[in-house]
$ cat data17.csv   # CSV, N, CA and C atoms
chain,number,residue,atom,x,y,z
A,200,MET,N,-38.4,18.5,-72.3
A,200,MET,CA,-38.4,18.9,-70.9
A,200,MET,C,-37.3,18.1,-70.1
A,201,GLN,N,-37.3,16.8,-70.3
A,201,GLN,CA,-36.4,16.0,-69.6
A,201,GLN,C,-34.9,16.3,-69.9
A,202,ARG,N,-34.7,16.7,-71.2
A,202,ARG,CA,-33.4,17.1,-71.6
A,202,ARG,C,-33.0,18.4,-70.9
A,203,PHE,N,-33.9,19.3,-70.8
A,203,PHE,CA,-33.6,20.6,-70.1
A,203,PHE,C,-33.2,20.3,-68.7
A,204,VAL,N,-33.9,19.5,-68.0
A,204,VAL,CA,-33.6,19.2,-66.6
A,204,VAL,C,-32.3,18.6,-66.4
A,205,LEU,N,-31.9,17.7,-67.3
A,205,LEU,CA,-30.6,17.0,-67.3
A,205,LEU,C,-29.5,18.1,-67.6
A,206,LEU,N,-29.7,19.0,-68.5
A,206,LEU,CA,-28.7,20.1,-68.8
A,206,LEU,C,-28.5,21.0,-67.6
A,207,VAL,N,-29.6,21.3,-66.9
A,207,VAL,CA,-29.5,22.2,-65.7
A,207,VAL,C,-28.8,21.5,-64.6
A,208,ALA,N,-29.1,20.2,-64.4
A,208,ALA,CA,-28.4,19.4,-63.4
A,208,ALA,C,-26.9,19.3,-63.7
A,209,ALA,N,-26.6,19.1,-64.9
A,209,ALA,CA,-25.2,18.9,-65.3
A,209,ALA,C,-24.5,20.3,-65.1
A,210,GLY,N,-25.1,21.4,-65.4
A,210,GLY,CA,-24.5,22.7,-65.2
A,210,GLY,C,-24.3,23.0,-63.8
A,211,LEU,N,-25.3,22.7,-62.9
A,211,LEU,CA,-25.1,22.9,-61.5
A,211,LEU,C,-24.0,22.0,-60.9
A,212,SER,N,-23.9,20.8,-61.4
A,212,SER,CA,-22.8,19.9,-60.9
A,212,SER,C,-21.5,20.4,-61.3
A,213,LEU,N,-21.3,20.9,-62.5
A,213,LEU,CA,-20.1,21.5,-63.0
A,213,LEU,C,-19.7,22.7,-62.2
A,214,ALA,N,-20.7,23.6,-61.9
A,214,ALA,CA,-20.4,24.8,-61.1
A,214,ALA,C,-20.0,24.5,-59.7
A,215,ILE,N,-20.6,23.5,-59.1
A,215,ILE,CA,-20.2,23.1,-57.7
A,215,ILE,C,-18.8,22.5,-57.8
A,216,ALA,N,-18.5,21.7,-58.8
A,216,ALA,CA,-17.1,21.1,-58.8
A,216,ALA,C,-16.1,22.1,-59.0
A,217,VAL,N,-16.3,23.1,-59.9
A,217,VAL,CA,-15.4,24.2,-60.1
A,217,VAL,C,-15.2,25.0,-58.8
A,218,GLN,N,-16.2,25.3,-58.1
A,218,GLN,CA,-16.1,26.1,-56.9
A,218,GLN,C,-15.4,25.3,-55.8
A,219,ALA,N,-15.6,24.0,-55.8
A,219,ALA,CA,-14.9,23.2,-54.8
A,219,ALA,C,-13.4,23.2,-55.0
A,220,GLN,N,-13.0,23.3,-56.3
A,220,GLN,CA,-11.5,23.3,-56.6
A,220,GLN,C,-10.9,24.6,-56.6
A,221,THR,N,-11.7,25.7,-56.4
A,221,THR,CA,-11.1,27.0,-56.3
A,221,THR,C,-10.4,27.2,-55.0
A,222,PRO,N,-9.1,27.6,-55.0
A,222,PRO,CA,-8.4,27.7,-53.8
A,222,PRO,C,-8.9,28.8,-52.9
A,223,GLY,N,-9.2,28.5,-51.7
A,223,GLY,CA,-9.6,29.6,-50.7
A,223,GLY,C,-8.5,29.8,-49.7
A,224,ALA,N,-8.7,30.5,-48.7
A,224,ALA,CA,-7.7,30.8,-47.7
A,224,ALA,C,-7.2,29.5,-47.0
A,225,ALA,N,-8.1,28.6,-46.7
A,225,ALA,CA,-7.7,27.4,-46.0
A,225,ALA,C,-6.8,26.5,-46.8
A,226,SER,N,-7.1,26.5,-48.2
A,226,SER,CA,-6.3,25.6,-49.0
A,226,SER,C,-4.9,26.3,-49.3
A,227,GLN,N,-4.8,27.6,-49.0
A,227,GLN,CA,-3.5,28.2,-49.1
A,227,GLN,C,-2.7,28.3,-47.8
A,228,GLY,N,-3.1,27.5,-46.8
A,228,GLY,CA,-2.4,27.3,-45.6
A,228,GLY,C,-2.6,28.3,-44.5
A,229,ARG,N,-3.8,29.0,-44.6
A,229,ARG,CA,-4.1,29.9,-43.5
A,229,ARG,C,-5.6,29.9,-43.3
A,230,ALA,N,-6.0,30.0,-42.1
A,230,ALA,CA,-7.4,30.1,-41.8
A,230,ALA,C,-7.7,31.6,-41.6
A,231,ALA,N,-8.9,32.0,-41.9
A,231,ALA,CA,-9.3,33.4,-41.8
A,231,ALA,C,-9.1,33.9,-40.4
A,232,GLY,N,-8.2,34.9,-40.3
A,232,GLY,CA,-8.0,35.5,-39.0
A,232,GLY,C,-7.0,34.7,-38.1
A,233,ALA,N,-6.5,33.6,-38.5
A,233,ALA,CA,-5.6,32.8,-37.7
A,233,ALA,C,-4.2,33.5,-37.6
A,234,ASP,N,-3.5,33.2,-36.6
A,234,ASP,CA,-2.2,33.8,-36.3
A,234,ASP,C,-1.1,32.7,-36.1
A,235,ALA,N,-0.2,32.6,-37.1
A,235,ALA,CA,0.8,31.5,-37.1
A,235,ALA,C,1.7,31.7,-35.9
A,236,GLN,N,2.1,32.9,-35.6
A,236,GLN,CA,3.0,33.1,-34.4
A,236,GLN,C,2.4,32.6,-33.1
A,237,ASN,N,1.1,32.9,-32.9
A,237,ASN,CA,0.4,32.4,-31.8
A,237,ASN,C,0.3,30.9,-31.9
A,238,GLY,N,0.1,30.3,-33.1
A,238,GLY,CA,0.1,28.9,-33.3
A,238,GLY,C,1.4,28.2,-32.8
A,239,LYS,N,2.5,28.9,-33.1
A,239,LYS,CA,3.8,28.3,-32.7
A,239,LYS,C,3.9,28.3,-31.2
A,240,ARG,N,3.5,29.4,-30.6
A,240,ARG,CA,3.5,29.5,-29.1
A,240,ARG,C,2.6,28.4,-28.5
A,241,LEU,N,1.4,28.2,-29.1
A,241,LEU,CA,0.5,27.2,-28.6
A,241,LEU,C,1.0,25.8,-28.8
A,242,TYR,N,1.6,25.5,-29.9
A,242,TYR,CA,2.2,24.2,-30.3
A,242,TYR,C,3.3,23.9,-29.2
A,243,LEU,N,4.1,24.9,-28.8
A,243,LEU,CA,5.1,24.6,-27.7
A,243,LEU,C,4.4,24.5,-26.4
A,244,ASN,N,3.5,25.4,-26.0
A,244,ASN,CA,2.8,25.4,-24.7
A,244,ASN,C,2.1,24.1,-24.5
A,245,TYR,N,1.3,23.6,-25.5
A,245,TYR,CA,0.6,22.3,-25.4
A,245,TYR,C,1.5,21.1,-25.5
A,246,LYS,N,2.8,21.4,-25.8
A,246,LYS,CA,3.8,20.3,-25.9
A,246,LYS,C,3.4,19.3,-27.1
A,247,CYS,N,2.9,19.8,-28.1
A,247,CYS,CA,2.6,19.0,-29.3
A,247,CYS,C,3.9,18.4,-29.9
A,248,TYR,N,5.0,19.1,-29.7
A,248,TYR,CA,6.3,18.6,-30.2
A,248,TYR,C,6.7,17.3,-29.5
A,249,ALA,N,6.2,17.0,-28.3
A,249,ALA,CA,6.6,15.8,-27.6
A,249,ALA,C,6.3,14.6,-28.4
A,250,CYS,N,5.2,14.6,-29.2
A,250,CYS,CA,4.8,13.5,-30.1
A,250,CYS,C,5.0,13.7,-31.5
A,251,HIS,N,4.9,15.0,-31.9
A,251,HIS,CA,5.0,15.3,-33.4
A,251,HIS,C,6.3,15.9,-33.8
A,252,GLY,N,7.2,16.2,-32.8
A,252,GLY,CA,8.5,16.8,-33.1
A,252,GLY,C,8.4,18.3,-33.3
A,253,TYR,N,9.5,19.0,-33.2
A,253,TYR,CA,9.5,20.4,-33.4
A,253,TYR,C,9.2,20.8,-34.8
A,254,SER,N,9.5,19.9,-35.7
A,254,SER,CA,9.3,20.2,-37.2
A,254,SER,C,7.9,19.6,-37.6
A,255,GLY,N,7.2,18.9,-36.8
A,255,GLY,CA,5.9,18.3,-37.1
A,255,GLY,C,6.1,17.1,-38.0
A,256,GLN,N,7.4,16.6,-38.1
A,256,GLN,CA,7.7,15.5,-39.0
A,256,GLN,C,8.3,14.3,-38.4
A,257,ASN,N,8.5,14.4,-37.1
A,257,ASN,CA,9.2,13.3,-36.4
A,257,ASN,C,8.6,13.0,-35.1
A,258,GLY,N,9.0,11.9,-34.5
A,258,GLY,CA,8.4,11.6,-33.2
A,258,GLY,C,7.4,10.4,-33.3
A,259,PRO,N,6.9,9.9,-32.2
A,259,PRO,CA,6.0,8.8,-32.3
A,259,PRO,C,4.6,9.1,-32.8
A,260,GLY,N,4.2,10.4,-32.8
A,260,GLY,CA,2.9,10.8,-33.3
A,260,GLY,C,2.8,10.9,-34.8
A,261,THR,N,1.6,11.2,-35.2
A,261,THR,CA,1.3,11.4,-36.6
A,261,THR,C,2.1,12.5,-37.2
A,262,ARG,N,2.6,12.3,-38.4
A,262,ARG,CA,3.3,13.3,-39.1
A,262,ARG,C,2.4,14.4,-39.5
A,263,LEU,N,2.7,15.6,-39.1
A,263,LEU,CA,1.8,16.8,-39.4
A,263,LEU,C,2.3,17.7,-40.5
A,264,VAL,N,3.5,17.5,-41.0
A,264,VAL,CA,4.1,18.3,-42.0
A,264,VAL,C,4.7,17.4,-43.1
A,265,PRO,N,4.3,17.5,-44.3
A,265,PRO,CA,3.3,18.3,-44.8
A,265,PRO,C,1.9,17.7,-44.5
A,266,THR,N,1.0,18.5,-44.3
A,266,THR,CA,-0.4,18.0,-44.0
A,266,THR,C,-1.3,18.2,-45.2
A,267,ARG,N,-2.1,17.2,-45.4
A,267,ARG,CA,-3.1,17.3,-46.4
A,267,ARG,C,-4.5,17.6,-45.7
A,268,MET,N,-4.5,17.7,-44.4
A,268,MET,CA,-5.7,18.0,-43.7
A,268,MET,C,-6.1,19.4,-43.8
A,269,THR,N,-7.4,19.6,-44.1
A,269,THR,CA,-7.9,21.0,-44.1
A,269,THR,C,-8.1,21.3,-42.6
A,270,LEU,N,-8.4,22.6,-42.3
A,270,LEU,CA,-8.7,23.0,-40.9
A,270,LEU,C,-9.8,22.2,-40.3
A,271,PRO,N,-11.0,22.0,-41.0
A,271,PRO,CA,-12.0,21.2,-40.4
A,271,PRO,C,-11.6,19.8,-40.1
A,272,ILE,N,-10.9,19.2,-41.0
A,272,ILE,CA,-10.4,17.8,-40.8
A,272,ILE,C,-9.4,17.7,-39.6
A,273,PHE,N,-8.5,18.7,-39.6
A,273,PHE,CA,-7.5,18.8,-38.5
A,273,PHE,C,-8.3,18.9,-37.2
A,274,THR,N,-9.2,19.8,-37.1
A,274,THR,CA,-10.0,20.0,-35.9
A,274,THR,C,-10.7,18.7,-35.5
A,275,SER,N,-11.3,18.0,-36.4
A,275,SER,CA,-12.0,16.8,-36.1
A,275,SER,C,-11.0,15.7,-35.6
A,276,TYR,N,-9.8,15.7,-36.2
A,276,TYR,CA,-8.8,14.7,-35.8
A,276,TYR,C,-8.4,15.0,-34.4
A,277,VAL,N,-8.2,16.2,-34.0
A,277,VAL,CA,-7.7,16.6,-32.7
A,277,VAL,C,-8.8,16.3,-31.7
A,278,ARG,N,-10.1,16.5,-32.1
A,278,ARG,CA,-11.2,16.2,-31.1
A,278,ARG,C,-11.5,14.7,-31.0
A,279,ASN,N,-11.3,14.0,-32.0
A,279,ASN,CA,-11.6,12.5,-32.0
A,279,ASN,C,-10.5,11.7,-32.6
A,280,PRO,N,-9.3,11.7,-32.0
A,280,PRO,CA,-8.2,11.0,-32.6
A,280,PRO,C,-8.3,9.5,-32.4
A,281,ARG,N,-7.4,8.8,-33.1
A,281,ARG,CA,-7.4,7.3,-33.0
A,281,ARG,C,-6.2,6.9,-32.0
A,282,GLN,N,-5.1,7.7,-32.1
A,282,GLN,CA,-3.9,7.3,-31.3
A,282,GLN,C,-3.4,8.3,-30.4
A,283,MET,N,-4.2,9.3,-30.0
A,283,MET,CA,-3.7,10.3,-29.0
A,283,MET,C,-4.9,10.7,-28.1
A,284,PRO,N,-4.6,11.3,-27.0
A,284,PRO,CA,-5.7,11.7,-26.2
A,284,PRO,C,-6.6,12.8,-26.9
A,285,PRO,N,-7.9,12.8,-26.8
A,285,PRO,CA,-8.7,13.8,-27.4
A,285,PRO,C,-8.5,15.1,-26.7
A,286,TYR,N,-8.5,16.2,-27.5
A,286,TYR,CA,-8.5,17.6,-26.9
A,286,TYR,C,-9.8,18.2,-27.2
A,287,THR,N,-10.7,18.3,-26.2
A,287,THR,CA,-12.0,18.9,-26.4
A,287,THR,C,-11.9,20.4,-26.6
A,288,ALA,N,-13.0,21.1,-27.0
A,288,ALA,CA,-13.0,22.5,-27.2
A,288,ALA,C,-12.8,23.3,-25.9
A,289,GLN,N,-13.0,22.6,-24.7
A,289,GLN,CA,-12.8,23.3,-23.5
A,289,GLN,C,-11.3,23.3,-23.2
A,290,VAL,N,-10.5,22.4,-23.7
A,290,VAL,CA,-9.1,22.3,-23.5
A,290,VAL,C,-8.4,23.1,-24.5
A,291,VAL,N,-8.7,22.9,-25.8
A,291,VAL,CA,-8.1,23.7,-26.9
A,291,VAL,C,-9.2,24.3,-27.7
A,292,PRO,N,-9.5,25.5,-27.6
A,292,PRO,CA,-10.6,26.1,-28.3
A,292,PRO,C,-10.3,26.1,-29.8
A,293,ASP,N,-11.4,26.1,-30.6
A,293,ASP,CA,-11.3,26.1,-32.1
A,293,ASP,C,-10.3,27.2,-32.6
A,294,ARG,N,-10.4,28.3,-32.0
A,294,ARG,CA,-9.6,29.5,-32.4
A,294,ARG,C,-8.1,29.1,-32.3
A,295,GLU,N,-7.8,28.5,-31.2
A,295,GLU,CA,-6.4,28.1,-31.0
A,295,GLU,C,-6.0,27.0,-31.9
A,296,LEU,N,-6.9,26.0,-32.2
A,296,LEU,CA,-6.5,25.0,-33.2
A,296,LEU,C,-6.3,25.6,-34.6
A,297,ALA,N,-7.1,26.6,-34.9
A,297,ALA,CA,-6.8,27.3,-36.2
A,297,ALA,C,-5.5,28.0,-36.2
A,298,ASP,N,-5.0,28.5,-35.1
A,298,ASP,CA,-3.7,29.1,-35.1
A,298,ASP,C,-2.6,28.0,-35.2
A,299,ILE,N,-2.8,26.9,-34.5
A,299,ILE,CA,-1.8,25.8,-34.6
A,299,ILE,C,-1.8,25.3,-36.0
A,300,TRP,N,-2.9,25.1,-36.6
A,300,TRP,CA,-3.0,24.6,-38.0
A,300,TRP,C,-2.3,25.5,-39.0
A,301,THR,N,-2.5,26.8,-38.8
A,301,THR,CA,-1.9,27.8,-39.6
A,301,THR,C,-0.3,27.8,-39.4
A,302,TYR,N,0.1,27.6,-38.2
A,302,TYR,CA,1.5,27.5,-37.9
A,302,TYR,C,2.1,26.3,-38.6
A,303,LEU,N,1.4,25.2,-38.6
A,303,LEU,CA,1.9,24.0,-39.2
A,303,LEU,C,2.1,24.2,-40.7
A,304,GLN,N,1.3,25.0,-41.3
A,304,GLN,CA,1.4,25.3,-42.7
A,304,GLN,C,2.6,26.1,-43.1
A,305,THR,N,3.2,26.7,-42.1
A,305,THR,CA,4.4,27.5,-42.4
A,305,THR,C,5.7,26.7,-42.2
A,306,LEU,N,5.6,25.5,-41.7
A,306,LEU,CA,6.8,24.7,-41.5
A,306,LEU,C,7.3,24.1,-42.8
A,307,PRO,N,8.6,24.1,-43.0
A,307,PRO,CA,9.1,23.6,-44.3
A,307,PRO,C,8.9,22.1,-44.4
A,308,LYS,N,8.7,21.6,-45.6
A,308,LYS,CA,8.6,20.2,-45.9
A,308,LYS,C,9.9,19.6,-46.0
A,309,SER,N,10.0,18.3,-45.8
A,309,SER,CA,11.3,17.6,-45.9
A,309,SER,C,11.7,17.6,-47.4
A,310,PRO,N,13.0,17.7,-47.6
A,310,PRO,CA,13.5,17.6,-49.0
A,310,PRO,C,13.3,16.2,-49.6
A,311,ALA,N,13.2,16.1,-50.9
A,311,ALA,CA,13.1,14.8,-51.6
A,311,ALA,C,14.4,14.1,-51.4
A,312,ALA,N,14.4,12.8,-51.3
A,312,ALA,CA,15.6,12.0,-51.1
A,312,ALA,C,16.7,12.4,-52.1
A,313,LYS,N,16.3,12.6,-53.3
A,313,LYS,CA,17.3,13.0,-54.4
A,313,LYS,C,18.0,14.3,-54.1
A,314,ASP,N,17.4,15.1,-53.2
A,314,ASP,CA,18.0,16.4,-52.9
A,314,ASP,C,18.8,16.4,-51.6
A,315,VAL,N,19.1,15.2,-51.0
A,315,VAL,CA,19.9,15.1,-49.8
A,315,VAL,C,21.2,14.6,-50.2
A,316,PRO,N,22.3,15.5,-50.1
A,316,PRO,CA,23.6,15.1,-50.6
A,316,PRO,C,24.2,13.8,-49.9
A,317,LEU,N,24.0,13.6,-48.6
A,317,LEU,CA,24.5,12.5,-48.0
A,317,LEU,C,23.9,11.2,-48.5
A,318,LEU,N,22.6,11.2,-48.7
A,318,LEU,CA,21.9,10.0,-49.3
A,318,LEU,C,22.5,9.7,-50.7
A,319,ASN,N,22.7,10.7,-51.5
A,319,ASN,CA,23.2,10.5,-52.8
A,319,ASN,C,24.7,10.0,-52.8
A,320,GLN,N,25.4,10.5,-51.8
A,320,GLN,CA,26.8,10.0,-51.6
A,320,GLN,C,26.8,8.5,-51.2
A,321,ILE,N,25.9,8.1,-50.3
A,321,ILE,CA,25.8,6.7,-49.9
A,321,ILE,C,25.4,5.8,-51.0
A,322,LEU,N,24.5,6.3,-51.8
A,322,LEU,CA,24.0,5.5,-53.0
A,322,LEU,C,25.1,5.4,-54.0
A,323,ALA,N,25.9,6.4,-54.2
A,323,ALA,CA,27.0,6.4,-55.2
A,323,ALA,C,28.1,5.4,-54.8
A,324,GLU,N,28.3,5.2,-53.5
A,324,GLU,CA,29.3,4.4,-53.0
A,324,GLU,C,29.0,2.9,-53.1
A,325,LYS,N,27.8,2.6,-53.3
A,325,LYS,CA,27.4,1.2,-53.5
A,325,LYS,C,27.7,0.6,-54.8
$ encode --input "data17.csv" --output "structure tokens"
Amino acid sequence: MQRFVLLVAAGLSLAIAVQAQTPGAASQGRAAGADAQNGKRLYLNYKCYACHGYSGQNGPGTRLVPTRMTLPIFTSYVRNPRQMPPYTAQVVPDRELADIWTYLQTLPKSPAAKDVPLLNQILAEK
């Protein structure tokens, strides 16, 4: 009987682990029903670019592109940040944060250093 319980527990653990690794909408860079175009508009209207840059990769604020934050983590970060003013749900509703997060997923990542011709030229001259 004890062996049976262990097998069932192991099977459930495996099923949960597989489901957690199955890509869903949020892991593919979009939140259900979110609008990247509206997210871009909101990113500009709320002046997120002032700290995070237009590309989400420069400026004094946290680098947002590429982001490893899921939408729930991003929302939590915006609501309870360490280094920026908090934006409550009354200021930026969850729906708008989902749009902004989805927009950020559309921004291109920086190229690898090996793919930047000027850097390669500088290194070759040394």
$ closest_residue --input "data17.csv" --among "A:Ala231, A:Leu322, A:Met283, A:Leu270" --to "Trp300 in chain A" --atoms "all atoms listed in the file"
A:Leu270
$ residues_around --input "data17.csv" --residues "Gln256 in chain A" --least-positions-apart "2" --cutoff "12 Å" --atoms "only C-alpha atoms" --output "short mmCIF file (atom, residue, chain, number, x, y, z; two decimals) with N, CA and C atoms, in the coordinates of the input"
data_model
loop_
_atom_site.label_atom_id
_atom_site.label_comp_id
_atom_site.auth_asym_id
_atom_site.auth_seq_id
_atom_site.Cartn_x
_atom_site.Cartn_y
_atom_site.Cartn_z
N CYS A 247 2.90 19.80 -28.10
CA CYS A 247 2.60 19.00 -29.30
C CYS A 247 3.90 18.40 -29.90
N TYR A 248 5.00 19.10 -29.70
CA TYR A 248 6.30 18.60 -30.20
C TYR A 248 6.70 17.30 -29.50
N ALA A 249 6.20 17.00 -28.30
CA ALA A 249 6.60 15.80 -27.60
C ALA A 249 6.30 14.60 -28.40
N CYS A 250 5.20 14.60 -29.20
CA CYS A 250 4.80 13.50 -30.10
C CYS A 250 5.00 13.70 -31.50
N HIS A 251 4.90 15.00 -31.90
CA HIS A 251 5.00 15.30 -33.40
C HIS A 251 6.30 15.90 -33.80
N GLY A 252 7.20 16.20 -32.80
CA GLY A 252 8.50 16.80 -33.10
C GLY A 252 8.40 18.30 -33.30
N TYR A 253 9.50 19.00 -33.20
CA TYR A 253 9.50 20.40 -33.40
C TYR A 253 9.20 20.80 -34.80
N SER A 254 9.50 19.90 -35.70
CA SER A 254 9.30 20.20 -37.20
C SER A 254 7.90 19.60 -37.60
N GLY A 258 9.00 11.90 -34.50
CA GLY A 258 8.40 11.60 -33.20
C GLY A 258 7.40 10.40 -33.30
N PRO A 259 6.90 9.90 -32.20
CA PRO A 259 6.00 8.80 -32.30
C PRO A 259 4.60 9.10 -32.80
N GLY A 260 4.20 10.40 -32.80
CA GLY A 260 2.90 10.80 -33.30
C GLY A 260 2.80 10.90 -34.80
N THR A 261 1.60 11.20 -35.20
CA THR A 261 1.30 11.40 -36.60
C THR A 261 2.10 12.50 -37.20
N ARG A 262 2.60 12.30 -38.40
CA ARG A 262 3.30 13.30 -39.10
C ARG A 262 2.40 14.40 -39.50
N LEU A 263 2.70 15.60 -39.10
CA LEU A 263 1.80 16.80 -39.40
C LEU A 263 2.30 17.70 -40.50
N VAL A 264 3.50 17.50 -41.00
CA VAL A 264 4.10 18.30 -42.00
C VAL A 264 4.70 17.40 -43.10
N PRO A 265 4.30 17.50 -44.30
CA PRO A 265 3.30 18.30 -44.80
C PRO A 265 1.90 17.70 -44.50
N THR A 266 1.00 18.50 -44.30
CA THR A 266 -0.40 18.00 -44.00
C THR A 266 -1.30 18.20 -45.20
N LEU A 303 1.40 25.20 -38.60
CA LEU A 303 1.90 24.00 -39.20
C LEU A 303 2.10 24.20 -40.70
N LEU A 306 5.60 25.50 -41.70
CA LEU A 306 6.80 24.70 -41.50
C LEU A 306 7.30 24.10 -42.80
N PRO A 307 8.60 24.10 -43.00
CA PRO A 307 9.10 23.60 -44.30
C PRO A 307 8.90 22.10 -44.40
N LYS A 308 8.70 21.60 -45.60
CA LYS A 308 8.60 20.20 -45.90
C LYS A 308 9.90 19.60 -46.00
N SER A 309 10.00 18.30 -45.80
CA SER A 309 11.30 17.60 -45.90
C SER A 309 11.70 17.60 -47.40
N PRO A 310 13.00 17.70 -47.60
CA PRO A 310 13.50 17.60 -49.00
C PRO A 310 13.30 16.20 -49.60
#
$ atom_distance --input "data17.csv" --atom1 "atom C of Met268 in chain A" --atom2 "CA of Asp314 in chain A"
25.9 Å
$ residues_around --input "data17.csv" --residues "Ala235 in chain A" --least-positions-apart "5" --cutoff "8 Å" --atoms "only C-alpha atoms" --output "list in words"
Asp298, Ile299, Trp300, Thr301, Tyr302, Leu303 and Thr305 of chain A
$ atom_distance --input "data17.csv" --atom1 "atom C of Ser275 in chain A" --atom2 "atom N of Ala311 in chain A"
28.6 Å
$ closest_residue --input "data17.csv" --among "A:Arg278, A:Asn257, A:Val291, A:Thr269" --to "Asn244 in chain A" --atoms "only C-alpha atoms"
A:Val291
